[in-house]
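Chemist: Take this structure, written in structure tokens, and hold onto it; I'll ask about it next.
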Amino acid sequence: MSQPTPMAALPRKLRIAVFNRTFSPTGGGAERYSIALVEQLSARHEVHVFAQEIDHQWPGVSYHKVSAPLRKPRWINQLWFATASWWATRSGFDIVHSHENTWHGEVQTVHVLPVKHSLFQGRRGVRRVLRWIKVVTSPRLLAYLGLERARYAPQPGRQVVVTSESLRPIMEAAYPASRAALSVVTPGITMPQLPISASRKSQARARLGLPATGTCLLFVGNDYRKKGLEGLLRALAQLPGEVVLAVVGNAAHIAEFRAIADTLKLGARVAFLGALKDVGPAYEAADALVHPTFEDTFAMVVLEAMAHGLPVVVSGPRYCGIAGLLAQGANALLLDDPRDAGELARVLGDLLGQPALRESLSRGAVAFAERYQWREIALQQEALYFSAVAAKSAPR
């Protein structure tokens with residue numbers, strides 16, 4: 001394993017405000033990204049977290065609960081959070097770092113495709129006019145677009161951070177004025193103790209209620225639809241009966257997808273584990289991660305699985321940001337079409353039928369993950385903070 005780079009000496013200690021509506025490890029990849037940076041940087045700076053839901057405690061971090069008088073509709077809550085967080089941090093901080101669609105913040109980290117891109121990409125002529133009509137007659141879309149436009153508007157010191165190189169050209173096309181402010185800071189990981197012994201795997205399976213024997217595939221994602229769980233269930237139905245699937249993520253979708261599993265006669269072969277505060281045991285229990293996502297700007301779960309030495313099957317670069325960094329057959333198996341359950345079943349069949357392939361992918365996964373440890377990622381983020389501070393204080 002590579003040795004961590006020593007933390008550089010601090011020019012000075014910063015007072016930093018961090019925005020996340022949900023500050024909990026069960027929230028998803030964006031939330032875990034934010035949490036990991038807070039944990040790393042709180043040892044060197046004064047960090048304050050502003051969130052509506054907080055399920056996290058860390059030495060030296062100050063937590064501030066932002067009210068949520070109206071959770072729905074979500075766009076009104078988004079406007080409320082943007083306004084309340086701005087009011088609470090309009091002075092007294094060197095850096096405001098937002099992971100939300102808010103206008104306030106020197107550093108804006110983008111975890112999802114821009115709303116503008118999703119609405120207008122590929123639409124020309126009449127189709128574009130019709131889309132604009134839809135926008136101007138929708139308070140929800142106007143609110144999201146208005147916040148987004150203010151969020152990426154150039155201002156002294158503003159840094160716009162995307163989580164993958166694949167997201168950079170999308171941001172540049174949607175908001176050309178943000179080009180000069182764009183940087184890439186990928187998610188990272190903290191390497192677990194390796195290798196995962198047979199006893200650790202057995203203990204993890206017992207803890208999660210998974211079968212002690214057989215092959216266990218793992219799916220991790222809060223949006224079961226967007227992350228491709230239905231196609232994975234259909235692929236699982238084509239695999240041998242000793243192959244089971246553990247599903248980790250938002251429990252709100254379990255009933256719908258359990259019904260799909262029952263229709264496919266998968267029964268006890270699928271274990272819905274819900275949202276886990278610590279996903280580590282699920283990675284230890286599994287034999288491979290399957291991530292047939294339709295849309296991911298990075299896919300932090302893939303990196304986490306690779307850090308645990310799991311072979312990963314993941315959608316190609318067209319669908320998933322991390323796939324642009326991976327090498328087919330060397331450290332991952334990439335899907336041309338994640339919606340094609342037949343292709344997915346064939347790829348999984350090849351993986352499960354070739355122990356040598358699984359072993360080589362596992363080694364390649366660990367070697368890849370070691371290059372993306374949070375300690376180094378935090379230094380990249382810190383450098384952007386000081387760049388923003390210097391730009392704000394420079395003569396205009």
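Scheme for the structure tokens: letters A, B, ... for chains in order shown; per-chain residue numbers from 1; ligand numbers from 1 in order shown.
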Could you give me, as a PyMOL selection string, the residues within 6 Å of Gly228 of chain A, counting only C-alpha atoms and dropping anything in the same chain fewer than 3 positions from it?

Modeler: chain A and resi 225+231+292-293

Chemist: In Å, with one decimal, what is the gap from atom CA of Asp336 of chain A to atom CA of Glu295 of chain A?

Modeler: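 Pair atom CA of Asp336 of chain A / atom CA of Glu295 of chain A returns 13.3 Å.
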
Chemist: Please list as an mmCIF file with N, CA and C atoms, in the first residue's frame every residue within 6 Å of segment 365-375 of chain A, counting only C-alpha atoms and excluding residues in the same chain fewer than 5 positions away.

Modeler:
```
data_model
loop_
_atom_site.group_PDB
_atom_site.id
_atom_site.type_symbol
_atom_site.label_atom_id
_atom_site.label_comp_id
_atom_site.auth_asym_id
_atom_site.auth_seq_id
_atom_site.Cartn_x
_atom_site.Cartn_y
_atom_site.Cartn_z
ATOM 1 N N GLY A 188 -12.965 10.106 -2.483
ATOM 2 C CA GLY A 188 -11.829 9.292 -2.045
ATOM 3 C C GLY A 188 -12.308 8.175 -1.135
ATOM 4 N N ILE A 189 -11.366 7.472 -0.559
ATOM 5 C CA ILE A 189 -11.691 6.387 0.366
ATOM 6 C C ILE A 189 -10.651 6.352 1.486
ATOM 7 N N THR A 190 -11.004 5.664 2.541
ATOM 8 C CA THR A 190 -10.053 5.281 3.581
ATOM 9 C C THR A 190 -9.854 3.780 3.433
ATOM 10 N N MET A 306 -13.993 -1.203 -4.460
ATOM 11 C CA MET A 306 -12.656 -1.536 -4.958
ATOM 12 C C MET A 306 -11.632 -1.488 -3.834
ATOM 13 N N ALA A 307 -11.800 -0.529 -2.921
ATOM 14 C CA ALA A 307 -10.884 -0.447 -1.776
ATOM 15 C C ALA A 307 -10.946 -1.709 -0.926
ATOM 16 N N GLY A 309 -11.304 -4.597 -2.193
ATOM 17 C CA GLY A 309 -10.814 -5.695 -3.007
ATOM 18 C C GLY A 309 -11.891 -6.436 -3.776
ATOM 19 N N ASN A 331 -9.109 -3.669 -14.035
ATOM 20 C CA ASN A 331 -9.563 -3.386 -12.670
ATOM 21 C C ASN A 331 -11.083 -3.310 -12.564
#
```

Chemist: I want to know what sits within 12 Å of Ala356 of chain A, based on only C-alpha atoms, with residues of the same chain fewer than 5 positions away left out; could you give that as an MDAnalysis selection string?

Modeler: chainID A and resid 311 329:330 350:351 361:363

Chemist: For a quick check of understanding, using only C-alpha atoms, which of A:Leu379, A:Ala299, A:Leu348, A:Leu14 has the smallest distance to Ala323 of chain A?

Modeler: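 Closest to Ala323 of chain A of all the choices is A:Ala299.
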
Chemist: Could you pull out the residues in segment 118-336 of chain A that DSSP calls strand (DSSP E) from the backbone, as a JSON list (two decimals) with N, CA and C atoms, in the first residue's frame?

Modeler:
```json
[["chain", "number", "residue", "atom", "x", "y", "z"],
["A", 159, "GLN", "N", -15.09, 29.03, -6.59],
["A", 159, "GLN", "CA", -14.55, 27.80, -7.14],
["A", 159, "GLN", "C", -15.71, 26.84, -7.36],
["A", 160, "VAL", "N", -15.83, 26.30, -8.57],
["A", 160, "VAL", "CA", -16.85, 25.31, -8.88],
["A", 160, "VAL", "C", -16.16, 23.96, -9.03],
["A", 161, "VAL", "N", -16.50, 23.02, -8.16],
["A", 161, "VAL", "CA", -15.83, 21.73, -8.10],
["A", 161, "VAL", "C", -16.76, 20.66, -8.66],
["A", 162, "VAL", "N", -16.28, 19.89, -9.62],
["A", 162, "VAL", "CA", -17.02, 18.73, -10.11],
["A", 162, "VAL", "C", -16.30, 17.47, -9.65],
["A", 182, "LEU", "N", -13.68, 26.12, -12.81],
["A", 182, "LEU", "CA", -13.90, 24.68, -12.64],
["A", 182, "LEU", "C", -12.64, 23.93, -12.21],
["A", 183, "SER", "N", -12.83, 23.02, -11.26],
["A", 183, "SER", "CA", -11.78, 22.09, -10.85],
["A", 183, "SER", "C", -12.42, 20.73, -10.61],
["A", 184, "VAL", "N", -11.62, 19.68, -10.66],
["A", 184, "VAL", "CA", -12.09, 18.33, -10.36],
["A", 184, "VAL", "C", -11.49, 17.87, -9.04],
["A", 215, "THR", "N", -22.30, -17.50, -3.46],
["A", 215, "THR", "CA", -21.75, -16.25, -3.98],
["A", 215, "THR", "C", -22.71, -15.11, -3.71],
["A", 216, "CYS", "N", -22.19, -14.03, -3.15],
["A", 216, "CYS", "CA", -23.03, -12.88, -2.80],
["A", 216, "CYS", "C", -22.64, -11.67, -3.64],
["A", 217, "LEU", "N", -23.56, -11.21, -4.48],
["A", 217, "LEU", "CA", -23.39, -9.96, -5.21],
["A", 217, "LEU", "C", -23.94, -8.82, -4.35],
["A", 218, "LEU", "N", -23.39, -7.63, -4.57],
["A", 218, "LEU", "CA", -23.80, -6.47, -3.76],
["A", 218, "LEU", "C", -24.25, -5.33, -4.66],
["A", 219, "PHE", "N", -25.36, -4.72, -4.29],
["A", 219, "PHE", "CA", -25.86, -3.50, -4.94],
["A", 219, "PHE", "C", -25.99, -2.44, -3.87],
["A", 220, "VAL", "N", -25.43, -1.23, -4.11],
["A", 220, "VAL", "CA", -25.53, -0.14, -3.14],
["A", 220, "VAL", "C", -26.03, 1.11, -3.88],
["A", 243, "VAL", "N", -26.30, -18.11, -6.30],
["A", 243, "VAL", "CA", -25.90, -16.71, -6.32],
["A", 243, "VAL", "C", -27.00, -15.86, -5.69],
["A", 244, "VAL", "N", -26.64, -15.08, -4.66],
["A", 244, "VAL", "CA", -27.62, -14.23, -3.99],
["A", 244, "VAL", "C", -27.21, -12.77, -4.17],
["A", 245, "LEU", "N", -28.14, -11.89, -3.86],
["A", 245, "LEU", "CA", -27.92, -10.45, -4.01],
["A", 245, "LEU", "C", -28.28, -9.73, -2.72],
["A", 246, "ALA", "N", -27.37, -8.90, -2.22],
["A", 246, "ALA", "CA", -27.64, -8.03, -1.08],
["A", 246, "ALA", "C", -27.85, -6.62, -1.60],
["A", 247, "VAL", "N", -28.96, -5.99, -1.21],
["A", 247, "VAL", "CA", -29.32, -4.65, -1.68],
["A", 247, "VAL", "C", -29.25, -3.69, -0.50],
["A", 248, "VAL", "N", -28.39, -2.68, -0.62],
["A", 248, "VAL", "CA", -28.23, -1.66, 0.42],
["A", 248, "VAL", "C", -28.72, -0.33, -0.13],
["A", 270, "VAL", "N", -32.69, -12.65, -2.68],
["A", 270, "VAL", "CA", -32.46, -11.20, -2.59],
["A", 270, "VAL", "C", -32.70, -10.75, -1.16],
["A", 271, "ALA", "N", -31.68, -10.11, -0.57],
["A", 271, "ALA", "CA", -31.79, -9.59, 0.79],
["A", 271, "ALA", "C", -31.78, -8.07, 0.74],
["A", 272, "PHE", "N", -32.89, -7.45, 1.12],
["A", 272, "PHE", "CA", -32.98, -5.99, 1.16],
["A", 272, "PHE", "C", -32.56, -5.54, 2.56],
["A", 273, "LEU", "N", -31.42, -4.90, 2.65],
["A", 273, "LEU", "CA", -30.83, -4.55, 3.95],
["A", 273, "LEU", "C", -31.17, -3.13, 4.39],
["A", 274, "GLY", "N", -31.79, -2.33, 3.50],
["A", 274, "GLY", "CA", -32.10, -0.95, 3.85],
["A", 274, "GLY", "C", -30.85, -0.09, 3.87],
["A", 288, "ALA", "N", -18.64, -9.55, -5.03],
["A", 288, "ALA", "CA", -18.51, -8.61, -6.14],
["A", 288, "ALA", "C", -19.55, -7.52, -5.98],
["A", 289, "LEU", "N", -19.24, -6.33, -6.48],
["A", 289, "LEU", "CA", -20.20, -5.23, -6.53],
["A", 289, "LEU", "C", -20.73, -5.11, -7.95],
["A", 290, "VAL", "N", -22.04, -4.90, -8.09],
["A", 290, "VAL", "CA", -22.66, -4.69, -9.40],
["A", 290, "VAL", "C", -23.34, -3.32, -9.36],
["A", 291, "HIS", "N", -22.95, -2.45, -10.29],
["A", 291, "HIS", "CA", -23.47, -1.08, -10.30],
["A", 291, "HIS", "C", -23.91, -0.70, -11.72],
["A", 312, "VAL", "N", -15.57, -5.38, -9.56],
["A", 312, "VAL", "CA", -16.73, -4.53, -9.79],
["A", 312, "VAL", "C", -17.19, -4.65, -11.24],
["A", 313, "VAL", "N", -18.52, -4.71, -11.39],
["A", 313, "VAL", "CA", -19.17, -4.64, -12.70],
["A", 313, "VAL", "C", -19.95, -3.34, -12.71],
["A", 314, "VAL", "N", -19.61, -2.44, -13.63],
["A", 314, "VAL", "CA", -20.15, -1.08, -13.57],
["A", 314, "VAL", "C", -20.47, -0.57, -14.97],
["A", 315, "SER", "N", -21.46, 0.31, -15.06],
["A", 315, "SER", "CA", -21.82, 0.92, -16.34],
["A", 315, "SER", "C", -20.63, 1.67, -16.92],
["A", 333, "LEU", "N", -15.07, -4.57, -14.87],
["A", 333, "LEU", "CA", -15.79, -5.00, -16.06],
["A", 333, "LEU", "C", -16.85, -3.94, -16.35],
["A", 334, "LEU", "N", -16.80, -3.36, -17.55],
["A", 334, "LEU", "CA", -17.65, -2.23, -17.90],
["A", 334, "LEU", "C", -18.78, -2.68, -18.81],
["A", 335, "LEU", "N", -19.99, -2.17, -18.56],
["A", 335, "LEU", "CA", -21.17, -2.53, -19.32],
["A", 335, "LEU", "C", -21.41, -1.52, -20.44]]
```

Chemist: Pick the closest to Asp262 of chain A from A:Arg21, A:Lys72, A:Arg149, A:Arg234: which is it, counting only C-alpha atoms?

Modeler: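 Closest residue, counting only C-alpha atoms: A:Arg234.
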
Chemist: Looking only at helix (DSSP H, G or I) from DSSP on the backbone, list the matching residues of segment 11-193 of chain A as number ranges by chain.

Modeler: A: 29-41, 74-89, 115-120, 125-136, 139-151, 167-174, 176-181

Chemist: For Arg32 of chain A, which residue among A:Arg15, A:His111, A:Arg123, A:Lys201 is the nearest when counting only C-alpha atoms?

Modeler: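 Closest to Arg32 of chain A of all the choices is A:His111.
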
Chemist: Name all residues at most 10 Å from Phe386 of chain A (count only C-alpha atoms; drop same-chain ones fewer than 4 positions away) and give them as a ChimeraX atom specification.

Modeler: /A:11-12,14,94-95,157,381-382,390-392

Chemist: Export, as a PDB file, in the first residue's frame, the selected residues with C-alpha atoms.

Modeler:
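Ended up saving to part_15.pdb:
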```
ATOM      1  CA  PRO A  11      -0.546  29.065   5.945  1.00  0.00           C
ATOM      2  CA  ARG A  12      -3.307  29.772   8.489  1.00  0.00           C
ATOM      3  CA  LEU A  14      -9.580  28.827   8.212  1.00  0.00           C
ATOM      4  CA  ASP A  94     -13.342  32.591   5.529  1.00  0.00           C
ATOM      5  CA  ILE A  95     -14.966  29.951   3.285  1.00  0.00           C
ATOM      6  CA  GLY A 157     -12.954  33.712  -5.320  1.00  0.00           C
ATOM      7  CA  GLN A 381      -9.808  20.670  -1.468  1.00  0.00           C
ATOM      8  CA  GLU A 382      -7.777  22.695   1.010  1.00  0.00           C
ATOM      9  CA  ALA A 390      -6.570  34.817  -1.968  1.00  0.00           C
ATOM     10  CA  ALA A 391      -8.866  35.717  -4.897  1.00  0.00           C
ATOM     11  CA  LYS A 392     -11.414  37.347  -2.610  1.00  0.00           C
TER      12      LYS A 392
END
```

Chemist: With only C-alpha atoms as the atoms that count, which of A:Ala305, A:Ala212, A:Ala268, A:Met300 lies nearest to Ala36 of chain A?

Modeler: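 Closest to Ala36 of chain A of all the choices is A:Met300.
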
Chemist: To one decimal place, how far is atom CA of Leu208 of chain A from atom CA of Val347 of chain A in Å?

Modeler: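 Straight-line distance from atom CA of Leu208 of chain A to atom CA of Val347 of chain A works out to 26.4 Å.
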
Chemist: Looking at only C-alpha atoms, which of A:Ser98, A:Glu359, A:Ser393, A:Pro338 is the one that sits closest to Lys227 of chain A?

Modeler: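 Counting only C-alpha atoms, the residue closest to Lys227 of chain A is A:Pro338.
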
Chemist: Could you jot down the atom CA of Tyr152 of chain A to atom CA of Tyr175 of chain A separation for me, Å, one decimal place?

Modeler: 7.2 Å

Chemist: Hey, which of A:Ala345, A:Ala286, A:Leu167, A:Ala198 ends up closest to Ile322 of chain A? Count only C-alpha atoms.

Modeler: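 Of A:Ala345, A:Ala286, A:Leu167, A:Ala198, the one nearest Ile322 of chain A, counting only C-alpha atoms, is A:Leu167.
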